[in-house]
Amino acid sequence: MFSRVLVANRGEIAVRVTRTLHRMGIEAVAVHSEPEADAVHVRAADASVCLGGGPVADSYLRADRVIEAALSSGAQAVHPGYGLLAENPAFAEACAEAGLVFIGPPADAIRAMGSKIAARERMAAAGVPVVPGSLEPVRDLDQALADAAEIGYPIAVKASGAGGGKGFRVARAPGELQDAITGASGEGERFFGDPTVYLERYLDDPRHVEVQILADGHGEVVHLFERDCSIQRRHQKLVEESPAPHVGAETRERIGEIAVAAAKAAGYRSAGTVEGLLVADEFYFLEMNTRIQVEHRVTEMITGIDIVEQQVRIAAGEPLPFTQDDLEIDGHAIECRINAENAAKRFLPAPGTIGEYAEPRGEHVRVDSGVEAGSAVLPYYDPMLAKLVVWGPDREAATARMLDALAGFRIEGVTTLLPFHRALLGTEQWRRAETCRDLIGDRDWLRSTAADG
């Protein structure tokens with residue numbers, strides 16, 4: 001087992017990984033930008049190294065400096081968290097070349113799943129159901145129009161190397177296809193360095209269901225059941241829960257088997273997530289996230305498995321200490337992402353300085369955060385301040401506990417999504433476990449959430 005690990009991230013995920021490392025008796029090394037020299041994640045670690053200026057391109061995305069920091073600090077391994085360098089195969093390879101263990105999947109698996117076109121091809125070849133669409137990249141408008149006519153409208157135009165809701169446009173008619181291609185391709189190039197796009201059938205109001213998997217280096221692959229992440233804005237998640245409502249035992253078993261098959265087809269090792277769209281009882285592969293997910297905590301709450309710990313143990317060569325038959329669902333968990341955003345203004349980012357900060361406490365209430373009173377919320381970084389996660393014996397009890405926890409969470413000085421979450425979880429749509437797309441697309445309803453705070 002490792003004695004010292006560098007955490008190549010910031011904010012709440014860096015704090016969360018550091019806590020697990022400490023519980024395992026492993027020292028943690030933090031990295032930081034110049035403005036975050038005194039950030040919570042830095043003070044939580046045993047040592048820290050400055051990477052550079054505030055923008056991520058000058059600091060957290062500097063793979064060369066991250067590797068130098070790991071070597072100079074005596075770390076034996078690097079945990080990338082999520083985002084930033086977590087799904088960068090060149091970084092995983094550079095770690096190996098430097099003699100460092102990358103706590104994540106093999107570079108080949110990251111690369112294979114990082115291209116959505118290549119991933120769809122691999123999954124289709126393995127018999128995994130994929131959303132109807134083209135397996136070829138768009139070459140020109142004429143070809144795209146012909147493919148779209150065969151697939152059927154509405155059409156989703158997706159950047160092959162994108163994620164996190166970027167590089168995604170919808171064309172509901174042929175006349176909208178060119179603009180959708182231009183928009184998705186431009187974001188793919190701007191954010192991920194790849195303008196390649198492909199076409200897929202756009203499914204109206206599907207459920208976004210994903211399956212957590214763990215795969216060791218000894219041939220064992222298990223799934224830790226599913227999460228429902230249907231409540232999103234601009235294809236970015238806001239609320240997650242596990243198990244997924246409206247998923248019965250038979251469907252649960254089937255999509256778990258699909259996820260395990262997908263992981264095996266990718267030659268996967270480590271923690272990962274198979275994301276899909278559920279329409280009635282039909283599950284379609286969407287993509288595979290080759291990293292820890294923001295929402296992994298809800299899975300931990302219903303299974304009792306520390307997924308980060310398993311990542312570390314798998315990277316150290318240990319086998320999984322359990323089989324599929326050992327895993328069971330216990331109760332229901334819900335996570336709300338507490339972002340520095342103004343839902344009343346269509347989720348406009350709201351940087352600033354946090355004044356009063358008080359987290360809710362109580363049995364089965366968990367807060368992962370990377371901020372405190374006085375923390376600066378900077379425009380360079382993702383606006384998520386904290387994740388609030390609760391557990392209950394069933395969905396109704398978990399909802400009641402979440403509403404109590406939201407009422408007890410105080411963040412002053414910056415606008416957050418706390419009022420939005422309190423309003424959303426009090427609606428009939430949430431009670432009926434709908435996707436709530438009508439509410440999130442309703443500007444008047446969004447503006448009404450401002451009255452709560």
# chains A, B, ... in the order shown; residues from 1 in each chain; ligands from 1
$ residues_around --residues "Ala126 in chain A" --least-positions-apart "2" --cutoff "12 Å" --atoms "only C-alpha atoms" --output "short mmCIF file (atom, residue, chain, number, x, y, z; two decimals) with N, CA and C atoms, in the first residue's frame"
data_model
loop_
_atom_site.label_atom_id
_atom_site.label_comp_id
_atom_site.auth_asym_id
_atom_site.auth_seq_id
_atom_site.Cartn_x
_atom_site.Cartn_y
_atom_site.Cartn_z
N ALA A 119 -16.46 4.88 -28.30
CA ALA A 119 -17.15 4.16 -27.23
C ALA A 119 -18.42 3.51 -27.75
N ARG A 120 -19.20 4.26 -28.55
CA ARG A 120 -20.42 3.69 -29.12
C ARG A 120 -20.09 2.48 -29.99
N GLU A 121 -19.04 2.57 -30.79
CA GLU A 121 -18.66 1.45 -31.65
C GLU A 121 -18.29 0.23 -30.81
N ARG A 122 -17.51 0.46 -29.76
CA ARG A 122 -17.08 -0.66 -28.92
C ARG A 122 -18.26 -1.29 -28.19
N MET A 123 -19.14 -0.45 -27.67
CA MET A 123 -20.29 -0.98 -26.95
C MET A 123 -21.23 -1.75 -27.88
N ALA A 124 -21.47 -1.20 -29.06
CA ALA A 124 -22.35 -1.88 -30.02
C ALA A 124 -21.77 -3.24 -30.40
N VAL A 128 -23.89 -4.19 -26.27
CA VAL A 128 -24.49 -3.25 -25.32
C VAL A 128 -25.42 -2.32 -26.10
N PRO A 129 -26.68 -2.15 -25.69
CA PRO A 129 -27.59 -1.29 -26.44
C PRO A 129 -27.17 0.18 -26.39
N VAL A 130 -27.14 0.84 -27.54
CA VAL A 130 -26.78 2.25 -27.63
C VAL A 130 -27.96 3.03 -28.19
N ILE A 258 -25.68 -4.92 -17.98
CA ILE A 258 -25.20 -4.14 -19.12
C ILE A 258 -23.96 -3.33 -18.73
N ALA A 259 -23.98 -2.73 -17.55
CA ALA A 259 -22.84 -1.92 -17.10
C ALA A 259 -21.59 -2.77 -16.92
N VAL A 260 -21.75 -3.95 -16.34
CA VAL A 260 -20.60 -4.84 -16.16
C VAL A 260 -20.05 -5.27 -17.52
N ALA A 261 -20.94 -5.57 -18.47
CA ALA A 261 -20.49 -5.95 -19.81
C ALA A 261 -19.75 -4.79 -20.48
N ALA A 262 -20.24 -3.57 -20.27
CA ALA A 262 -19.58 -2.40 -20.85
C ALA A 262 -18.19 -2.22 -20.28
N ALA A 263 -18.05 -2.38 -18.96
CA ALA A 263 -16.74 -2.24 -18.31
C ALA A 263 -15.76 -3.29 -18.82
N LYS A 264 -16.24 -4.50 -18.97
CA LYS A 264 -15.37 -5.57 -19.48
C LYS A 264 -14.96 -5.30 -20.92
N ALA A 265 -15.90 -4.79 -21.72
CA ALA A 265 -15.58 -4.48 -23.12
C ALA A 265 -14.53 -3.39 -23.23
N ALA A 266 -14.47 -2.50 -22.23
CA ALA A 266 -13.50 -1.41 -22.23
C ALA A 266 -12.16 -1.82 -21.63
N GLY A 267 -12.05 -3.04 -21.11
CA GLY A 267 -10.82 -3.45 -20.42
C GLY A 267 -10.60 -2.61 -19.18
N PHE A 285 -27.04 2.72 -23.63
CA PHE A 285 -25.72 3.24 -23.25
C PHE A 285 -25.54 4.65 -23.81
#
$ select_by_dssp --residues "range 21-169 of chain A" --states "strand (DSSP E or B)" --output "list in words"
Glu27, Ala28, Val29, Ala30, Val31, His32, Ser33, Ala47, Ser48, Val49, Cys50, Leu51, Gly52, Ala77, Val78, His79, Val101, Phe102, Val130, Gly133, Ile155, Ala156, Val157, Lys158, Ala159, Phe168 and Arg169 of chain A
$ write_last_selection --atoms "N, CA and C atoms" --output "compact mmCIF listing (two decimals), in the first residue's frame"
# COMPACT_ATOMS: atom_id res chain seq x y z
N GLU A 27 -0.53 9.46 3.90
CA GLU A 27 -0.37 10.91 3.87
C GLU A 27 -0.87 11.47 2.54
N ALA A 28 -1.40 12.69 2.59
CA ALA A 28 -1.94 13.33 1.39
C ALA A 28 -1.16 14.60 1.09
N VAL A 29 -0.85 14.79 -0.20
CA VAL A 29 -0.20 16.01 -0.67
C VAL A 29 -1.21 16.78 -1.52
N ALA A 30 -1.41 18.05 -1.20
CA ALA A 30 -2.33 18.89 -1.95
C ALA A 30 -1.56 19.70 -2.99
N VAL A 31 -2.26 20.08 -4.06
CA VAL A 31 -1.74 21.06 -5.00
C VAL A 31 -2.71 22.23 -5.01
N HIS A 32 -2.20 23.39 -5.38
CA HIS A 32 -3.06 24.56 -5.36
C HIS A 32 -2.55 25.63 -6.32
N SER A 33 -3.45 26.53 -6.68
CA SER A 33 -3.09 27.72 -7.45
C SER A 33 -2.67 28.81 -6.46
N ALA A 47 0.95 18.04 3.21
CA ALA A 47 1.93 18.89 2.52
C ALA A 47 1.23 19.47 1.30
N SER A 48 1.80 20.52 0.73
CA SER A 48 1.17 21.13 -0.44
C SER A 48 2.23 21.71 -1.36
N VAL A 49 1.85 21.84 -2.64
CA VAL A 49 2.75 22.40 -3.65
C VAL A 49 1.93 23.36 -4.51
N CYS A 50 2.49 24.54 -4.76
CA CYS A 50 1.84 25.52 -5.63
C CYS A 50 2.13 25.19 -7.09
N LEU A 51 1.08 25.24 -7.92
CA LEU A 51 1.22 24.89 -9.32
C LEU A 51 1.35 26.11 -10.23
N GLY A 52 0.84 27.28 -9.80
CA GLY A 52 0.89 28.45 -10.66
C GLY A 52 -0.28 29.38 -10.40
N ALA A 77 1.85 7.85 -5.67
CA ALA A 77 0.68 7.71 -6.54
C ALA A 77 -0.04 9.05 -6.63
N VAL A 78 -0.91 9.16 -7.63
CA VAL A 78 -1.68 10.39 -7.87
C VAL A 78 -3.15 10.04 -7.99
N HIS A 79 -3.98 10.69 -7.17
CA HIS A 79 -5.43 10.54 -7.30
C HIS A 79 -5.96 11.80 -7.99
N VAL A 101 1.98 5.82 -9.70
CA VAL A 101 0.77 5.05 -9.96
C VAL A 101 -0.40 6.02 -10.13
N PHE A 102 -1.11 5.89 -11.23
CA PHE A 102 -2.30 6.69 -11.48
C PHE A 102 -3.49 5.96 -10.86
N VAL A 130 -27.14 0.84 -27.54
CA VAL A 130 -26.78 2.25 -27.63
C VAL A 130 -27.96 3.03 -28.19
N GLY A 133 -28.42 6.03 -33.62
CA GLY A 133 -27.68 7.16 -34.18
C GLY A 133 -26.60 6.67 -35.12
N ILE A 155 -32.85 15.46 -33.42
CA ILE A 155 -31.48 14.94 -33.48
C ILE A 155 -30.62 15.63 -32.42
N ALA A 156 -29.86 14.85 -31.69
CA ALA A 156 -28.85 15.39 -30.79
C ALA A 156 -27.51 15.40 -31.52
N VAL A 157 -26.89 16.56 -31.58
CA VAL A 157 -25.54 16.68 -32.15
C VAL A 157 -24.57 16.76 -30.99
N LYS A 158 -23.62 15.83 -30.94
CA LYS A 158 -22.73 15.74 -29.78
C LYS A 158 -21.27 15.78 -30.20
N ALA A 159 -20.48 16.53 -29.44
CA ALA A 159 -19.03 16.53 -29.65
C ALA A 159 -18.46 15.23 -29.12
N PHE A 168 -23.10 19.95 -26.90
CA PHE A 168 -24.38 19.25 -27.08
C PHE A 168 -25.40 20.25 -27.62
N ARG A 169 -25.99 19.93 -28.77
CA ARG A 169 -27.04 20.76 -29.35
C ARG A 169 -28.15 19.86 -29.89
$ select_by_dssp --residues "range 70-195 of chain A" --states "alpha helix (DSSP H)" --output "NGL selection string"
:A and (70-73 or 89-97 or 107-114 or 116-125 or 141-151 or 177-192)
$ closest_residue --among "A:Val377, A:Val389, A:Ile181, A:Ala94" --to "Leu406 in chain A" --atoms "only C-alpha atoms"
A:Val389
$ residues_around --residues "Val221 in chain A" --least-positions-apart "2" --cutoff "12 Å" --atoms "only C-alpha atoms" --output "PyMOL selection string"
chain A and resi 212-219+223-224+256-272+314+319-325
$ closest_residue --among "A:Gly11, A:Gly152, A:Pro137, A:Gly370" --to "Thr196 in chain A" --atoms "only C-alpha atoms"
A:Pro137
$ atom_distance --atom1 "CA of Val170 in chain A" --atom2 "CA of Ser185 in chain A"
12.5 Å
$ residues_around --residues "Gly175 in chain A" --least-positions-apart "4" --cutoff "12 Å" --atoms "only C-alpha atoms" --output "list in words"
Leu141, Ala144, Leu145, Ala148, Tyr153, Pro154, Ile155, Val170, Ala171, Asp179, Ala180 and Ile181 of chain A
$ residues_around --residues "Glu240 in chain A" --least-positions-apart "4" --cutoff "7 Å" --atoms "only C-alpha atoms" --output "count of residues only"
7
$ closest_residue --among "A:Ala315, A:Ala423, A:Val390, A:Leu277" --to "Arg297 in chain A" --atoms "only C-alpha atoms"
A:Val390
$ atom_distance --atom1 "CA of Ile307 in chain A" --atom2 "CA of Met402 in chain A"
22.5 Å
$ closest_residue --among "A:Ile117, A:Ala450, A:Met301, A:Ala340" --to "Gly161 in chain A" --atoms "only C-alpha atoms"
A:Ile117
$ closest_residue --among "A:Asp281, A:Glu189, A:Asp58, A:Glu356" --to "Glu253 in chain A" --atoms "only C-alpha atoms"
A:Asp281
$ residues_around --residues "Ala86 in chain A" --least-positions-apart "6" --cutoff "8 Å" --atoms "only C-alpha atoms" --output "list of chain:residue names"
A:Pro80, A:Gly104, A:Thr290, A:Arg291
$ write_last_selection --atoms "N, CA and C atoms" --output "short mmCIF file (atom, residue, chain, number, x, y, z; two decimals), in the first residue's frame"
data_model
loop_
_atom_site.label_atom_id
_atom_site.label_comp_id
_atom_site.auth_asym_id
_atom_site.auth_seq_id
_atom_site.Cartn_x
_atom_site.Cartn_y
_atom_site.Cartn_z
N PRO A 80 -6.61 11.65 -9.16
CA PRO A 80 -7.02 12.84 -9.93
C PRO A 80 -8.38 13.41 -9.56
N GLY A 104 -6.64 5.31 -11.06
CA GLY A 104 -7.72 5.40 -12.03
C GLY A 104 -7.55 4.29 -13.04
N THR A 290 -14.83 7.70 -16.89
CA THR A 290 -13.69 6.90 -16.43
C THR A 290 -13.02 7.57 -15.23
N ARG A 291 -13.83 7.78 -14.17
CA ARG A 291 -13.35 8.49 -12.98
C ARG A 291 -14.38 8.33 -11.88
#
$ closest_residue --among "A:Pro245, A:Pro106, A:Glu372, A:Ser115" --to "His41 in chain A" --atoms "only C-alpha atoms"
A:Glu372
$ residues_around --residues "Pro35 in chain A" --least-positions-apart "3" --cutoff "8 Å" --atoms "only C-alpha atoms" --output "CSV table (one decimal) with N, CA and C atoms, in the first residue's frame"
chain,number,residue,atom,x,y,z
A,38,ASP,N,-4.3,29.1,0.8
A,38,ASP,CA,-4.8,28.8,2.1
A,38,ASP,C,-6.2,28.2,2.1
A,53,GLY,N,-0.6,30.2,-11.4
A,53,GLY,CA,-1.6,31.2,-11.3
A,53,GLY,C,-3.0,30.7,-11.1
A,54,GLY,N,-4.0,31.6,-11.0
A,54,GLY,CA,-5.4,31.3,-10.7
A,54,GLY,C,-6.1,30.4,-11.8
$ atom_distance --atom1 "CA of Val371 in chain A" --atom2 "CA of Tyr60 in chain A"
17.7 Å
